[in-house]
$ cat final18.cif   # mmCIF, C-alpha atoms
data_final
loop_
_atom_site.label_atom_id
_atom_site.label_comp_id
_atom_site.auth_asym_id
_atom_site.auth_seq_id
_atom_site.Cartn_x
_atom_site.Cartn_y
_atom_site.Cartn_z
CA MET K 124 166.53 165.46 56.13
CA GLN K 125 165.41 161.95 55.29
CA ARG K 126 162.78 161.40 52.62
CA ILE K 127 160.10 159.02 53.92
CA ALA K 128 157.63 159.13 51.02
CA ASP K 129 156.23 161.52 48.44
CA GLY K 130 156.11 164.95 50.07
CA VAL K 131 157.12 163.60 53.49
CA TRP K 132 160.47 164.28 55.15
CA GLN K 133 161.87 163.53 58.59
CA LEU K 134 164.22 166.19 59.92
CA SER K 135 167.62 165.24 61.29
CA SER K 136 168.07 165.45 65.05
CA PHE K 137 171.08 165.73 67.36
CA VAL K 138 170.63 162.07 68.33
CA LYS K 139 169.28 160.28 65.28
CA ASN K 140 165.57 159.46 65.50
CA LEU K 141 165.28 160.49 69.15
CA PHE K 142 163.17 163.68 68.90
CA ASN K 143 161.48 163.66 65.50
CA SER K 144 159.92 166.44 63.44
CA PHE K 145 158.42 166.06 59.98
CA VAL K 146 157.66 168.13 56.92
CA LEU K 147 154.39 167.18 55.18
CA GLN K 148 154.21 169.20 51.97
CA ASP K 149 154.09 172.74 53.41
CA VAL K 150 153.53 171.80 57.08
CA LEU K 151 156.06 171.34 59.87
CA VAL K 152 154.84 168.70 62.34
CA ASP K 153 156.34 169.03 65.84
CA ALA K 154 159.42 171.04 66.69
CA GLY K 155 161.63 169.22 69.19
CA THR K 156 163.03 170.96 72.25
CA ARG K 157 163.96 174.62 72.51
CA TRP K 158 167.56 173.64 71.82
CA ALA K 159 166.52 172.46 68.33
CA SER K 160 165.45 175.87 67.01
CA ALA K 161 168.55 176.65 64.94
CA ARG K 162 168.78 173.11 63.57
CA ILE K 163 165.12 173.03 62.51
CA LEU K 164 165.22 176.49 60.93
CA ALA K 165 168.36 175.55 58.98
CA GLN K 166 166.75 172.38 57.59
CA ILE K 167 163.53 174.04 56.47
CA ARG K 168 165.27 177.08 54.98
CA GLY K 169 164.12 177.54 51.39
CA ARG K 170 161.02 175.40 51.87
CA ASN K 171 157.59 176.96 51.64
CA ILE K 172 156.44 176.10 55.17
CA ARG K 173 153.03 177.64 55.79
CA ARG K 174 151.97 176.15 59.12
CA VAL K 175 153.28 174.38 62.24
CA VAL K 176 151.18 171.54 63.65
CA LEU K 177 151.65 169.89 67.05
CA THR K 178 150.72 166.28 67.71
CA HIS K 179 150.64 167.29 71.40
CA CYS K 180 152.07 169.88 73.76
CA HIS K 181 155.06 168.32 75.50
CA PRO K 182 158.48 169.96 75.97
CA ASP K 183 160.14 167.72 73.36
CA HIS K 184 157.56 168.63 70.71
CA GLN K 185 156.76 172.32 71.24
CA GLY K 186 160.27 173.56 72.04
CA ALA K 187 161.05 175.43 68.82
CA VAL K 188 157.46 176.23 67.86
CA SER K 189 157.45 179.87 68.93
CA LYS K 190 160.75 180.69 67.27
CA VAL K 191 159.80 178.96 64.01
CA CYS K 192 156.37 180.60 63.88
CA GLN K 193 157.79 184.03 64.62
CA ARG K 194 160.71 183.73 62.21
CA LEU K 195 158.54 182.50 59.31
CA ARG K 196 155.43 184.44 60.34
CA ILE K 197 153.24 181.37 60.08
CA PRO K 198 150.34 180.08 62.21
CA LEU K 199 150.32 177.30 64.80
CA ALA K 200 147.68 174.57 64.90
CA CYS K 201 146.90 171.89 67.49
CA HIS K 202 143.95 170.16 69.10
CA GLU K 203 141.82 172.38 71.34
CA LYS K 204 142.82 170.35 74.43
CA GLU K 205 146.49 171.14 73.77
CA ALA K 206 145.94 174.87 73.25
CA GLY K 207 145.82 175.72 76.97
CA PRO K 208 149.27 174.24 77.73
CA MET K 209 150.73 175.70 74.52
CA GLU K 210 149.51 179.18 75.39
CA GLY K 211 150.52 178.87 79.05
CA ARG K 212 146.97 178.98 80.41
CA GLU K 213 147.17 175.41 81.75
CA PRO K 214 150.00 173.07 82.82
CA MET K 215 151.27 170.42 80.43
CA GLN K 216 149.67 167.05 81.06
CA PRO K 217 150.13 164.87 82.96
CA ASP K 218 150.96 167.50 85.57
CA ILE K 219 153.70 165.56 87.37
CA GLY K 220 157.22 166.37 88.51
CA ILE K 221 159.11 164.84 85.60
CA VAL K 222 156.97 166.72 83.05
CA ARG K 223 157.44 169.96 85.00
CA LEU K 224 161.20 169.32 85.02
CA GLY K 225 161.12 168.70 81.26
CA HIS K 226 159.28 172.00 80.90
CA LYS K 227 162.12 173.84 82.64
CA VAL K 228 164.87 172.11 80.64
CA TRP K 229 163.39 171.61 77.16
CA ALA K 230 160.23 173.65 76.62
CA GLY K 231 160.10 176.74 74.47
CA PRO K 232 158.08 179.90 75.12
CA ASN K 233 154.31 179.90 75.15
CA HIS K 234 152.79 180.79 71.80
CA PRO K 235 149.27 181.63 70.56
CA VAL K 236 147.37 178.88 68.81
CA ASP K 237 145.82 180.13 65.57
CA GLN K 238 143.85 177.03 64.53
CA LEU K 239 142.17 174.28 66.55
CA LEU K 240 142.35 170.88 64.89
CA ARG K 241 139.63 168.25 65.06
CA GLU K 242 139.00 164.75 63.75
CA GLY K 243 139.03 164.68 59.96
CA ASP K 244 140.78 168.01 59.38
CA ASP K 245 143.37 168.14 56.60
CA VAL K 246 147.06 168.66 57.43
CA GLY K 247 149.33 168.61 54.38
CA GLY K 248 147.22 165.96 52.68
CA PHE K 249 146.87 163.92 55.89
CA LYS K 250 143.71 163.37 57.93
CA VAL K 251 143.69 164.28 61.61
CA ILE K 252 142.96 161.27 63.85
CA GLU K 253 142.17 162.04 67.49
CA THR K 254 144.30 159.65 69.57
CA PRO K 255 144.08 160.72 73.23
CA GLY K 256 145.66 158.97 76.18
CA HIS K 257 149.25 160.16 76.20
CA THR K 258 147.77 163.66 76.50
CA PRO K 259 144.09 164.66 76.34
CA GLY K 260 144.34 166.24 72.88
CA HIS K 261 146.97 164.08 71.21
CA ILE K 262 146.47 163.69 67.45
CA SER K 263 147.96 161.44 64.79
CA LEU K 264 147.96 162.03 61.02
CA PHE K 265 147.08 159.50 58.31
CA ARG K 266 147.34 159.64 54.52
CA GLN K 267 144.99 157.19 52.86
CA ARG K 268 146.58 156.98 49.40
CA ASP K 269 149.79 155.34 50.62
CA ARG K 270 148.63 154.44 54.16
CA LEU K 271 151.34 156.51 55.81
CA LEU K 272 150.84 157.24 59.51
CA ILE K 273 152.41 159.92 61.69
CA ALA K 274 151.71 158.34 65.08
CA GLY K 275 153.19 160.98 67.38
CA ASP K 276 153.75 159.57 70.87
CA VAL K 277 150.90 157.06 70.95
CA VAL K 278 153.67 154.50 70.51
CA ALA K 279 157.45 154.87 70.24
CA ASN K 280 159.90 152.83 68.17
CA VAL K 281 162.97 153.20 70.36
CA HIS K 282 164.32 152.22 73.75
CA PHE K 283 165.15 155.50 75.45
CA PHE K 284 168.19 154.14 77.31
CA THR K 285 169.80 151.99 74.60
CA ASN K 286 168.43 153.91 71.56
CA LYS K 287 167.71 150.56 69.90
CA PRO K 288 164.57 150.31 67.73
CA GLY K 289 161.56 148.49 69.15
CA LEU K 290 157.89 149.30 69.63
CA ARG K 291 156.80 150.33 73.11
CA LEU K 292 154.08 152.31 74.77
CA PRO K 293 154.92 155.57 76.51
CA PRO K 294 155.45 154.92 80.25
CA SER K 295 152.11 155.05 82.06
CA GLU K 296 153.31 157.89 84.30
CA PHE K 297 153.72 160.02 81.16
CA CYS K 298 150.11 159.37 80.09
CA THR K 299 146.98 161.11 81.30
CA ASN K 300 145.08 157.88 80.57
CA PRO K 301 147.15 154.76 79.77
CA VAL K 302 144.06 152.68 78.92
CA GLN K 303 142.87 155.31 76.47
CA ASN K 304 146.34 155.37 74.92
CA ARG K 305 146.17 151.60 74.29
CA GLU K 306 142.78 152.13 72.69
CA SER K 307 144.37 154.73 70.42
CA VAL K 308 147.02 152.21 69.35
CA VAL K 309 144.26 149.75 68.42
CA ARG K 310 142.40 152.45 66.52
CA LEU K 311 145.50 153.34 64.50
CA ALA K 312 146.15 149.68 63.69
CA ALA K 313 142.63 149.42 62.28
CA LEU K 314 143.69 151.91 59.60
CA ASP K 315 146.16 149.27 58.35
CA PRO K 316 149.11 151.68 58.01
CA GLN K 317 151.95 150.48 55.79
CA VAL K 318 154.55 153.02 56.93
CA ILE K 319 154.52 154.35 60.49
CA CYS K 320 156.49 157.39 61.67
CA PHE K 321 156.95 158.17 65.34
CA GLY K 322 157.75 161.06 67.61
CA HIS K 323 160.58 158.89 68.90
CA GLY K 324 162.35 156.21 66.90
CA PRO K 325 162.92 155.39 63.23
CA PRO K 326 160.11 154.83 60.71
CA LEU K 327 158.64 151.32 60.58
CA ARG K 328 157.91 149.80 57.17
CA ASP K 329 156.86 146.33 58.35
CA SER K 330 153.14 146.69 59.03
CA ARG K 331 152.97 143.18 60.51
CA VAL K 332 155.13 144.27 63.44
CA PHE K 333 152.77 147.13 64.21
CA GLN K 334 149.71 144.89 63.94
CA LEU K 335 151.21 142.34 66.34
CA PHE K 336 151.98 145.12 68.80
CA ALA K 337 148.40 146.39 68.52
CA ASP K 338 147.12 142.84 69.09
CA ARG K 339 149.02 142.76 72.39
CA CYS K 340 147.46 146.10 73.35
CA ARG K 341 144.03 144.75 72.40
CA GLY K 342 144.62 141.63 74.48
CA ARG K 343 145.68 143.70 77.45
CA LEU K 344 142.54 145.82 77.15
CA SER K 345 140.39 142.67 77.02
CA SER K 346 142.02 141.22 80.13
CA MET K 347 141.48 144.47 81.99
CA VAL K 348 137.77 144.41 81.14
CA GLU K 349 137.44 140.77 82.22
CA SER K 350 139.12 141.48 85.56
CA GLU K 351 136.67 144.27 86.45
#
$ encode --input "final18.cif" --output "structure tokens"
Amino acid sequence: MQRIADGVWQLSSFVKNLFNSFVLQDVLVDAGTRWASARILAQIRGRNIRRVVLTHCHPDHQGAVSKVCQRLRIPLACHEKEAGPMEGREPMQPDIGIVRLGHKVWAGPNHPVDQLLREGDDVGGFKVIETPGHTPGHISLFRQRDRLLIAGDVVANVHFFTNKPGLRLPPSEFCTNPVQNRESVVRLAALDPQVICFGHGPPLRDSRVFQLFADRCRGRLSSMVESE
């Protein structure tokens, strides 16, 4: 595991920084694909993990959730709009072919959600920020004292074909509402985060780069409004 800051660790993955999970104090945030179960359990062995939290219910984030929760006998928490897909009562969103294929290849078993998270809830010393757009109930996590942000998939810091770092939005076809996702980027930038961690890609410690990216998202939103 890589130490990011006080009480914050990023777990190692099969391809470095591609599918990220984090430990925040006693909380595991996201759990890769179902093929990551053994790797995740090995890395958190000996740690007092008391809860698993999902930023959103996609196959590359919920894959090992059920196995980790069952093995450690700990609860699962996510936003109420992600509970249906996590429990198998609703399809993962957006409900398109590539997401359904990812479900077959990467997703783990359905699992009961024990706690529904909302704006302002505490997760390992971080505040829940509702950041919809990629999925309806996507959340990010922010710690005020050192301005550390767990962004989830609102924005990635990697090119998925070259694996080179670089900020980019999730492809629009993977978003339930691409405009709303841009708005979420702008909202996160307003928090003035100094360290940003992502569901995909390495941590970013240059806040200016993130602010410039958010400015481009803000400009795109403005142009869309003007064209209406």
$ resolve_selection --input "final18.cif" --expression "the PyMOL selection byres ((chain K and resi 235) around 10)" --output "short mmCIF file (atom, residue, chain, number, x, y, z; two decimals) with C-alpha atoms, keeping the file's coordinate frame"
data_model
loop_
_atom_site.label_atom_id
_atom_site.label_comp_id
_atom_site.auth_asym_id
_atom_site.auth_seq_id
_atom_site.Cartn_x
_atom_site.Cartn_y
_atom_site.Cartn_z
CA SER K 189 157.45 179.87 68.93
CA CYS K 192 156.37 180.60 63.88
CA PRO K 198 150.34 180.08 62.21
CA LEU K 199 150.32 177.30 64.80
CA ALA K 200 147.68 174.57 64.90
CA ALA K 206 145.94 174.87 73.25
CA GLY K 207 145.82 175.72 76.97
CA MET K 209 150.73 175.70 74.52
CA GLU K 210 149.51 179.18 75.39
CA GLY K 211 150.52 178.87 79.05
CA ASN K 233 154.31 179.90 75.15
CA HIS K 234 152.79 180.79 71.80
CA VAL K 236 147.37 178.88 68.81
CA ASP K 237 145.82 180.13 65.57
CA GLN K 238 143.85 177.03 64.53
#
$ residues_around --input "final18.cif" --residues "Arg126 of chain K" --least-positions-apart "6" --cutoff "12 Å" --atoms "only C-alpha atoms" --output "list in words"
Trp132, Gln133, Leu134, Ser135, Phe145, Val146, Leu147, Gln148, Cys320 and Pro326 of chain K
$ residues_near_point --input "final18.cif" --point "(166.3, 175.2, 58.2)" --cutoff "12 Å" --atoms "only C-alpha atoms" --output "list in words"
Met124, Leu134, Ser135, Val146, Leu151, Ala154, Ala159, Ser160, Ala161, Arg162, Ile163, Leu164, Ala165, Gln166, Ile167, Arg168, Gly169, Arg170, Asn171, Ile172, Ala187, Lys190, Val191, Arg194 and Leu195 of chain K
$ closest_residue --input "final18.cif" --among "K:Leu314, K:Val309, K:Met215, K:Val302" --to "Leu335 of chain K" --atoms "all atoms listed in the file"
K:Val309
$ residues_near_point --input "final18.cif" --point "(150.5, 161.6, 66.3)" --cutoff "9 Å" --atoms "only C-alpha atoms" --output "short mmCIF file (atom, residue, chain, number, x, y, z; two decimals) with C-alpha atoms, in the frame of the given file"
data_model
loop_
_atom_site.label_atom_id
_atom_site.label_comp_id
_atom_site.auth_asym_id
_atom_site.auth_seq_id
_atom_site.Cartn_x
_atom_site.Cartn_y
_atom_site.Cartn_z
CA LEU K 177 151.65 169.89 67.05
CA THR K 178 150.72 166.28 67.71
CA HIS K 179 150.64 167.29 71.40
CA VAL K 251 143.69 164.28 61.61
CA ILE K 252 142.96 161.27 63.85
CA GLU K 253 142.17 162.04 67.49
CA THR K 254 144.30 159.65 69.57
CA HIS K 261 146.97 164.08 71.21
CA ILE K 262 146.47 163.69 67.45
CA SER K 263 147.96 161.44 64.79
CA LEU K 264 147.96 162.03 61.02
CA PHE K 265 147.08 159.50 58.31
CA LEU K 272 150.84 157.24 59.51
CA ILE K 273 152.41 159.92 61.69
CA ALA K 274 151.71 158.34 65.08
CA GLY K 275 153.19 160.98 67.38
CA ASP K 276 153.75 159.57 70.87
CA VAL K 277 150.90 157.06 70.95
CA VAL K 278 153.67 154.50 70.51
CA CYS K 320 156.49 157.39 61.67
CA PHE K 321 156.95 158.17 65.34
CA GLY K 322 157.75 161.06 67.61
#
$ resolve_selection --input "final18.cif" --expression "the PyMOL selection byres ((chain K and resi 330) around 8)" --output "list in words"
Asp315, Pro316, Gln317, Val318, Ile319, Leu327, Arg328, Asp329, Arg331, Val332, Phe333 and Gln334 of chain K
$ closest_residue --input "final18.cif" --among "K:Thr285, K:Arg266, K:Arg343, K:Arg196" --to "Val246 of chain K" --atoms "all atoms listed in the file"
K:Arg266
$ atom_distance --input "final18.cif" --atom1 "atom CA of His181 of chain K" --atom2 "atom CA of His202 of chain K"
13.0 Å
$ resolve_selection --input "final18.cif" --expression "the PyMOL selection byres ((chain K and resi 292) around 8)" --output "PyMOL selection string"
chain K and resi 277-279+290-291+293-294+305
$ atom_distance --input "final18.cif" --atom1 "atom CA of Lys287 of chain K" --atom2 "atom CA of Ala337 of chain K"
19.8 Å
$ closest_residue --input "final18.cif" --among "K:Glu213, K:Asp338, K:Glu203, K:Asp183" --to "Leu240 of chain K" --atoms "all atoms listed in the file"
K:Glu203
$ atom_distance --input "final18.cif" --atom1 "atom CA of Arg223 of chain K" --atom2 "atom CA of Phe297 of chain K"
11.3 Å
$ closest_residue --input "final18.cif" --among "K:Leu141, K:Leu311, K:Val150, K:Ile219" --to "Pro288 of chain K" --atoms "all atoms listed in the file"
K:Leu141
